[in-house]
Amino acid sequence: MKAALTSALAVLAMLLGWEALVRGKAVSPDLLAPPSAVLEALLRHPDILLDQGLSTARETALGFLLACLFGAALGAALSSAALLRRVAMPWVLALQIVPKMALAPLFVVWLGVGAPCRLAFAVFIAFFPVLIGTTAGLAGTDSGALRLCRVLGAGWWQTVLRVRLPYAVPQLLAGMKTAATMALLGVVIGEFVTAQQGLGYVVMFAASLGETALVLAAITLLCGIGVALYGGVLLLELAFARWYGAPMPAGEFG
Amino acid sequence: MPEAPTLVADAIRFDAVGKTFPTRPVPLRAVESVSFTVRRGEFVAILGPSGCGKSTLLMMAAGLEVPSEGRLERGGVELVGPHRQTGVMFQDATLLPWLSVLDNVLFPATIRRIPRAKVLDQAMRLIGTVGLKGFEGARPHELSGGMRQRAAICRALVLDPDLILMDEPFSALDAITRDEMGDVLLDLWQHTQKSAIFVTHSIREAVLLADRVLVMSRRPATVAEELVVPFPRPRAPALADSAEFGAVVAHLRGVIARNMA
Ligand SMILES: Nc1ncnc2c1ncn2[C@@H]1O[C@H](COP(=O)(O)OP(=O)(O)OP(=O)(O)O)[C@@H](O)[C@H]1O
Ligand SMILES: [Mg+2]
């Protein structure tokens with residue numbers, strides 16, 4: 001509680017310092033709008049920002065969900081079939097090495113400038129940590145526990161549900177936390193390249209007009225979306241930790 | 001319909017069982033023509049040098065490894081996989097960290113889809129016998145190593161198997177806890193007619209617990225010597241302090257030394 005108070009005070013002090021710097025003409029308000037101007041911009045264009053913010057939030061949430069489903073499904077498939085792993089893993093890794101932003105324009109060519117393009121790009125950029133979390137988690141299952149399952153004659157589904165999954169979830173959640181930030185990044189990049197809607201588009205548009213206050217207002221909202229999504233995964237993790245009731249193995253992306 | 005042979009037959013029978021692992025570059029011969037029988041209600045301990053193939057032997061008895069040659073009979077019927085009436089204990093307790101002690105003990109029932117209510121009494125009784133009363137709701141990380149092994153004993157016994165296989169179940173414990181656990185097992189076996197194969201490196205444990213001790217040769221493992229433990233049951237832990245007990249231990253130590261040479 002006390003730590004939170006200290007942090008909050010530090011943030012407040014920084015905002016005040018920033019305001020003072022700009023007011024004191026140490027920094028031009030055209031280059032960096034003061035917090036008061038950002039707040040004003042937020043209040044001046046509430047409907048635009050809300051509209052565009054909702055679009056970004058919707059697409060981020062959907063992109064994140066799809067990335068989780070796709071990453072987990074592909075991860076599970078790769079874990080269960082050695083042949084598939086041998087065939088698919090080089091491609092998956094190659095895709096990771098390609099600077100993914102550079103592929104964004106291609107997505108426009110393939111999918112046009114609408115929501116499908118932004119969603120697909122978000123999924124493309126966010127699924128990998130979920131995939132790695134899933135495979136690492138499934139591979140990390142205690143071998144003794146698996147032997148116990150065999151001794152007891154547990155079926156494939158029982159082993160997955162009762163043993164493999166609980167062992168894999170901490171890693172999966174760690175992957176999902178990374179994916180949450182990546183999904184937002186993917187949508188914003190998508191908004192940059194499709195230039196149709198969303199807060200990313202507002203940022204581009206306002207920056208081209210030199211409206212730094214509006215740029216910062218949009219970024220503030222982007223932060224809000226990111227925090228909400230990340231917080232959602234944290235809540236999920238908290239709920240799981242409660243059920244787990246024991247120290248969890250730390251995830252690789254924690 | 002033929003009568004179920006389990007009532008009369010031996011608990012488990014090794015008949016010229018051998019095992020070769022297809023390792024590279026040369027295949028590894030782990031077990032060489034092992035034949036022995038564990039009768040119903042008999043407690044057999046296996047002693048032998050490290051790496052000789054004792055665990056392999058036990059894995060085959062558990063139905064987790066297939067013999068390369070020879071035949072395994074369980075209750076008079078050829079053994080082809082894990083057997084429902086066999087309980088197994090390994091060196092580590094391998095409790096599931098997210099389950100309470102009680103749920104871990106009941107895990108075999110969960111897997112076999114046996115209603116909890118049916119085995120709850122048995123589970124609670126076992127938990128009491130091994131001295132874990134009051135820890136039913138605790139998670140494994142809150143237990144000491146010895147307590148975890150106690151829980152693992154309960155889990156191995158909860159479905160009332162007629163044969164229990166134990167592979168150095170106490171070797172991860174300190175000497176004092178280890179002796180304690182030996183006493184727990186001894187106590188459990190005063191009241192049961194269960195058969196057991198118990199792999200250990202401790203001659204004291206073997207002599208205290210077993211009706212018969214098999215000494216294995218170096219790899220590939222085969223039965224080098226067999227000793228019938230001359231102490232009647234019920235046995236008290238204090239037996240281990242007697243001179244007769246010391247003599248049997250010393251004799252066995254000699255046998256093992258001869259085999260290692
Ligand atoms: N799955 C396997 N594949 C290949 N070799 C194996 C396998 N399992 C065991 N072995 C080998 O078989 C031999 C016997 O192993 P085993 O574990 O049965 O010995 P052990 O008598 O139990 O030893 P310890 O007393 O140290 O536990 C060893 O040389 C081991 O390396
Ligand atoms: Mg062994």
# chains A, B, ... in the order shown; residues from 1 in each chain; ligands from 1
$ interface_residues --of "chain B" --to "chain A" --cutoff "12 Å" --atoms "only C-alpha atoms" --output "VMD selection string"
chain B and resid 58 to 65 81 to 100 103 to 104 106 to 113 137 to 143 152 155 to 156 159 161 164 to 165
$ closest_atom_pairs --of "chain B" --to "ligand 2" --cutoff "9 Å" --atoms "only C-alpha atoms and all ligand atoms" --output "Markdown table"
| residue | atom | partner | partner_atom_place_in_ligand_line | distance |
| --- | --- | --- | --- | --- |
| B:Ser50 | CA | ligand 2 | 1 (Mg) | 7.1 |
| B:Gly51 | CA | ligand 2 | 1 (Mg) | 6.7 |
| B:Cys52 | CA | ligand 2 | 1 (Mg) | 8.3 |
| B:Gly53 | CA | ligand 2 | 1 (Mg) | 7.0 |
| B:Lys54 | CA | ligand 2 | 1 (Mg) | 5.6 |
| B:Ser55 | CA | ligand 2 | 1 (Mg) | 4.1 |
| B:Thr56 | CA | ligand 2 | 1 (Mg) | 7.3 |
| B:Leu58 | CA | ligand 2 | 1 (Mg) | 8.7 |
| B:Gln91 | CA | ligand 2 | 1 (Mg) | 8.3 |
| B:Asp167 | CA | ligand 2 | 1 (Mg) | 6.5 |
| B:Glu168 | CA | ligand 2 | 1 (Mg) | 7.1 |
| B:Val199 | CA | ligand 2 | 1 (Mg) | 7.8 |
| B:Thr200 | CA | ligand 2 | 1 (Mg) | 8.6 |
$ residues_around --residues "Glu237 of chain A" --least-positions-apart "6" --cutoff "12 Å" --atoms "only C-alpha atoms" --output "list in words"
Val169, Pro170, Gln171, Leu172, Leu173, Ala174, Gly175, Met176, Lys177, Tyr230, Gly231, Trp243, Tyr244, Gly245, Met248, Ala250, Gly251 and Gly254 of chain A
$ atom_distance --atom1 "atom CA of Met89 of chain A" --atom2 "atom CA of Ala76 of chain A"
12.8 Å
$ residues_around --residues "Phe121 of chain A" --least-positions-apart "2" --cutoff "8 Å" --atoms "only C-alpha atoms" --output "ChimeraX atom specification"
/A:104,107,117-119,123-125,186-187,190
$ write_last_selection --atoms "all heavy atoms" --output "PDB file, in the first residue's frame"
ATOM      1  N   ALA A 104       4.026  -5.919 -42.644  1.00  0.00           N
ATOM      2  CA  ALA A 104       2.715  -5.279 -42.505  1.00  0.00           C
ATOM      3  C   ALA A 104       2.128  -4.838 -43.853  1.00  0.00           C
ATOM      4  O   ALA A 104       0.956  -5.113 -44.126  1.00  0.00           O
ATOM      5  CB  ALA A 104       2.786  -4.121 -41.528  1.00  0.00           C
ATOM      6  N   PHE A 107       0.387  -7.550 -45.677  1.00  0.00           N
ATOM      7  CA  PHE A 107      -0.937  -7.891 -45.156  1.00  0.00           C
ATOM      8  C   PHE A 107      -2.014  -7.016 -45.802  1.00  0.00           C
ATOM      9  O   PHE A 107      -3.126  -7.465 -46.038  1.00  0.00           O
ATOM     10  CB  PHE A 107      -0.968  -7.743 -43.624  1.00  0.00           C
ATOM     11  CG  PHE A 107      -0.452  -8.960 -42.907  1.00  0.00           C
ATOM     12  CD1 PHE A 107       0.901  -9.241 -42.878  1.00  0.00           C
ATOM     13  CD2 PHE A 107      -1.329  -9.837 -42.273  1.00  0.00           C
ATOM     14  CE1 PHE A 107       1.385 -10.363 -42.222  1.00  0.00           C
ATOM     15  CE2 PHE A 107      -0.859 -10.968 -41.615  1.00  0.00           C
ATOM     16  CZ  PHE A 107       0.497 -11.228 -41.585  1.00  0.00           C
ATOM     17  N   CYS A 117      -7.325  -7.165 -41.981  1.00  0.00           N
ATOM     18  CA  CYS A 117      -5.882  -6.961 -42.107  1.00  0.00           C
ATOM     19  C   CYS A 117      -5.250  -6.691 -40.744  1.00  0.00           C
ATOM     20  O   CYS A 117      -4.267  -7.313 -40.361  1.00  0.00           O
ATOM     21  CB  CYS A 117      -5.620  -5.802 -43.066  1.00  0.00           C
ATOM     22  SG  CYS A 117      -3.916  -5.254 -43.046  1.00  0.00           S
ATOM     23  N   ARG A 118      -5.847  -5.739 -39.999  1.00  0.00           N
ATOM     24  CA  ARG A 118      -5.283  -5.382 -38.682  1.00  0.00           C
ATOM     25  C   ARG A 118      -5.334  -6.560 -37.728  1.00  0.00           C
ATOM     26  O   ARG A 118      -4.385  -6.838 -36.993  1.00  0.00           O
ATOM     27  CB  ARG A 118      -6.040  -4.189 -38.109  1.00  0.00           C
ATOM     28  CG  ARG A 118      -5.851  -2.917 -38.893  1.00  0.00           C
ATOM     29  CD  ARG A 118      -6.494  -1.734 -38.203  1.00  0.00           C
ATOM     30  NE  ARG A 118      -7.946  -1.816 -38.207  1.00  0.00           N
ATOM     31  CZ  ARG A 118      -8.729  -1.313 -39.184  1.00  0.00           C
ATOM     32  NH1 ARG A 118      -8.161  -0.700 -40.214  1.00  0.00           N
ATOM     33  NH2 ARG A 118     -10.023  -1.421 -39.108  1.00  0.00           N
ATOM     34  N   LEU A 119      -6.459  -7.294 -37.754  1.00  0.00           N
ATOM     35  CA  LEU A 119      -6.601  -8.455 -36.883  1.00  0.00           C
ATOM     36  C   LEU A 119      -5.556  -9.513 -37.210  1.00  0.00           C
ATOM     37  O   LEU A 119      -4.877 -10.039 -36.322  1.00  0.00           O
ATOM     38  CB  LEU A 119      -7.989  -9.067 -37.056  1.00  0.00           C
ATOM     39  CG  LEU A 119      -9.073  -8.541 -36.131  1.00  0.00           C
ATOM     40  CD1 LEU A 119     -10.396  -9.197 -36.469  1.00  0.00           C
ATOM     41  CD2 LEU A 119      -8.689  -8.825 -34.694  1.00  0.00           C
ATOM     42  N   VAL A 123      -2.665 -10.967 -34.763  1.00  0.00           N
ATOM     43  CA  VAL A 123      -2.519 -12.394 -34.440  1.00  0.00           C
ATOM     44  C   VAL A 123      -1.116 -12.867 -34.828  1.00  0.00           C
ATOM     45  O   VAL A 123      -0.426 -13.549 -34.061  1.00  0.00           O
ATOM     46  CB  VAL A 123      -3.585 -13.233 -35.174  1.00  0.00           C
ATOM     47  CG1 VAL A 123      -3.308 -14.719 -35.002  1.00  0.00           C
ATOM     48  CG2 VAL A 123      -4.969 -12.891 -34.656  1.00  0.00           C
ATOM     49  N   PHE A 124      -0.700 -12.440 -36.015  1.00  0.00           N
ATOM     50  CA  PHE A 124       0.605 -12.845 -36.527  1.00  0.00           C
ATOM     51  C   PHE A 124       1.733 -12.437 -35.580  1.00  0.00           C
ATOM     52  O   PHE A 124       2.676 -13.184 -35.335  1.00  0.00           O
ATOM     53  CB  PHE A 124       0.798 -12.199 -37.909  1.00  0.00           C
ATOM     54  CG  PHE A 124       2.189 -12.301 -38.459  1.00  0.00           C
ATOM     55  CD1 PHE A 124       2.760 -13.531 -38.705  1.00  0.00           C
ATOM     56  CD2 PHE A 124       2.911 -11.153 -38.737  1.00  0.00           C
ATOM     57  CE1 PHE A 124       4.043 -13.627 -39.223  1.00  0.00           C
ATOM     58  CE2 PHE A 124       4.191 -11.244 -39.240  1.00  0.00           C
ATOM     59  CZ  PHE A 124       4.760 -12.479 -39.492  1.00  0.00           C
ATOM     60  N   ILE A 125       1.590 -11.246 -35.019  1.00  0.00           N
ATOM     61  CA  ILE A 125       2.673 -10.733 -34.193  1.00  0.00           C
ATOM     62  C   ILE A 125       2.590 -11.268 -32.758  1.00  0.00           C
ATOM     63  O   ILE A 125       3.580 -11.333 -32.037  1.00  0.00           O
ATOM     64  CB  ILE A 125       2.640  -9.178 -34.236  1.00  0.00           C
ATOM     65  CG1 ILE A 125       4.040  -8.609 -34.300  1.00  0.00           C
ATOM     66  CG2 ILE A 125       1.885  -8.595 -33.100  1.00  0.00           C
ATOM     67  CD1 ILE A 125       4.036  -7.120 -34.577  1.00  0.00           C
ATOM     68  N   GLY A 186       0.471  -4.911 -32.597  1.00  0.00           N
ATOM     69  CA  GLY A 186       0.082  -5.363 -33.930  1.00  0.00           C
ATOM     70  C   GLY A 186      -1.070  -4.548 -34.494  1.00  0.00           C
ATOM     71  O   GLY A 186      -1.047  -4.138 -35.656  1.00  0.00           O
ATOM     72  N   VAL A 187      -2.072  -4.271 -33.655  1.00  0.00           N
ATOM     73  CA  VAL A 187      -3.224  -3.498 -34.127  1.00  0.00           C
ATOM     74  C   VAL A 187      -2.784  -2.078 -34.489  1.00  0.00           C
ATOM     75  O   VAL A 187      -3.187  -1.536 -35.531  1.00  0.00           O
ATOM     76  CB  VAL A 187      -4.335  -3.483 -33.060  1.00  0.00           C
ATOM     77  CG1 VAL A 187      -5.394  -2.444 -33.415  1.00  0.00           C
ATOM     78  CG2 VAL A 187      -4.970  -4.865 -32.953  1.00  0.00           C
ATOM     79  N   GLY A 190      -1.016  -2.064 -37.652  1.00  0.00           N
ATOM     80  CA  GLY A 190      -2.041  -2.260 -38.670  1.00  0.00           C
ATOM     81  C   GLY A 190      -2.764  -0.961 -38.968  1.00  0.00           C
ATOM     82  O   GLY A 190      -3.043  -0.641 -40.128  1.00  0.00           O
TER      83      GLY A 190
END
$ select_by_dssp --residues "segment 12-166 of chain A" --states "helix (DSSP H, G or I)" --output "ChimeraX atom specification"
/A:12-23,35-44,46-80,82-97,100-111,115-139,143-151,156-166
$ residues_around --residues "Ala72 of chain A" --least-positions-apart "6" --cutoff "10 Å" --atoms "only C-alpha atoms" --output "PyMOL selection string"
chain A and resi 66+78+127-135+172+175-176
